[in-house]
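See below for the structure under consideration.
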Amino acid sequence: MTIVLHQFAPMFGLPNPSPFCLKLETYLRMAGFAYKVETIKGRIKSATGKAPHIELDGKMFSDSGLIIEHLERVNGHPVDGKLTLAERAQSLAFQRLMEEHLYQAAVFARWLDPDHPAETSGYARAVIGLKGLLGKFIPPLVQKNVKKSIWHHGLGRHPTETIWKLGIDDVTALGHWLGARLWCFGDKPTVMDAVQFAFIASIVRTPWDFPLKAATLKHRNLVDHSERMLAKYFPELTNSNLGVTPLA
Ligand SMILES: N[C@@H](CCC(=O)N[C@@H](CS)C(=O)NCC(=O)O)C(=O)O
């Protein structure tokens, strides 16, 4: 089986600034699949126009969740195979919480945080990666589109403090649910661990401060879980812990 993973370039000391790319790459390592990375430059060439996507034996697949479902099915469920049906239901519900709701608050932080205009436009320029005049004019247009898409989702129609509160509620639910456990289910990581790692690391590694990050840092169990995942699946990055000083 030959897998080519198309994703963005690494950033913030993480394998990827995109939680969906980080989730999928983590899954490939959890399942023990060999893969090659192609860095996306310019337009994303997947069927959905979103990253990540993979070529599997020459055929294109998009959407991290659908890709994982496919790889699990055709390879005897190497990662989530031992979960009970009730655990699968919980895993799916929390994945949806992170990917369909918390994600919007994280995107707001990265692209639109009103208290950090210089940082968010610097991030937009870095991710888009264009130079010269295009590099000056395109990133603000993309930021405008991001604002529109969060508004269409609904979260973006709230005042800023409500957006932070709604994201913080998601992280609080995750923190309380994980409690003192090492992994989300049982004695080894599953797909939900990959998703939780990707989202928590994306929030706490964003290199400026915002209320969602401050609240996430208070959930040491979630930050420790992310560090455990990073050390286990990306040992080449272990020297750079999540860049977080332990809370007293
Ligand atoms: N459901 C998709 C979501 C992927 C997604 O939203 N990717 C973002 C990066 S984090 C993207 O490609 N955004 C570019 C765009 O929307 O044009 C998945 O699981 O792969």
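Each chain in the structure tokens gets a letter, A, B, ..., in the order shown, and its residues are numbered from 1; ligands are numbered from 1 in order too.
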Neighbour list for range 87-97 of chain A as a VMD selection string, cut-off 10 Å, only C-alpha atoms, skip fewer than 3 positions in-chain: chain A and resid 65 80 to 84 100 to 103 167 170 to 171 173 to 174 177 184 to 186 190 to 196 199
Protein and nucleic residues near ligand 1, 9 Å, only C-alpha atoms and all ligand atoms, as a VMD selection string: chain A and resid 7 to 8 17 to 21 23 to 24 43 to 44 48 to 53 62 to 67 99 to 100 103 107 142 146 149
Proximity to Gln104 in chain A - best of A:Leu134, A:Ile168, A:Leu230, A:Ile40, only C-alpha atoms: A:Ile168
Which of A:Lys213, A:His225, A:Lys165, A:Lys232 sits closest to Trp183 in chain A [using only C-alpha atoms]: A:His225
Atomic separation - CA of Met11 in chain A relative to CA of Leu133 in chain A, Å: 23.4 Å
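Here the residues within range 23-146 of chain A that DSSP labels strand (DSSP E) on the basis of the backbone are Lys36, Val37, Glu38, Thr39, His53, Ile54, Glu55, Leu56, Lys59, Met60, Phe61 and Ser62 of chain A.
Comparing A:Ala31, A:Leu141, A:Leu112, A:Leu166 by their smallest distance to Val79 in chain A, the closest is A:Ala31 (using only C-alpha atoms).
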Which residue of A:Ile150, A:Ala9, A:Thr216, A:Arg73 approaches Lys41 in chain A most closely, using only C-alpha atoms: A:Ala9
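In this structure, CA of Trp164 in chain A sits 6.7 Å away from CA of Ala105 in chain A.
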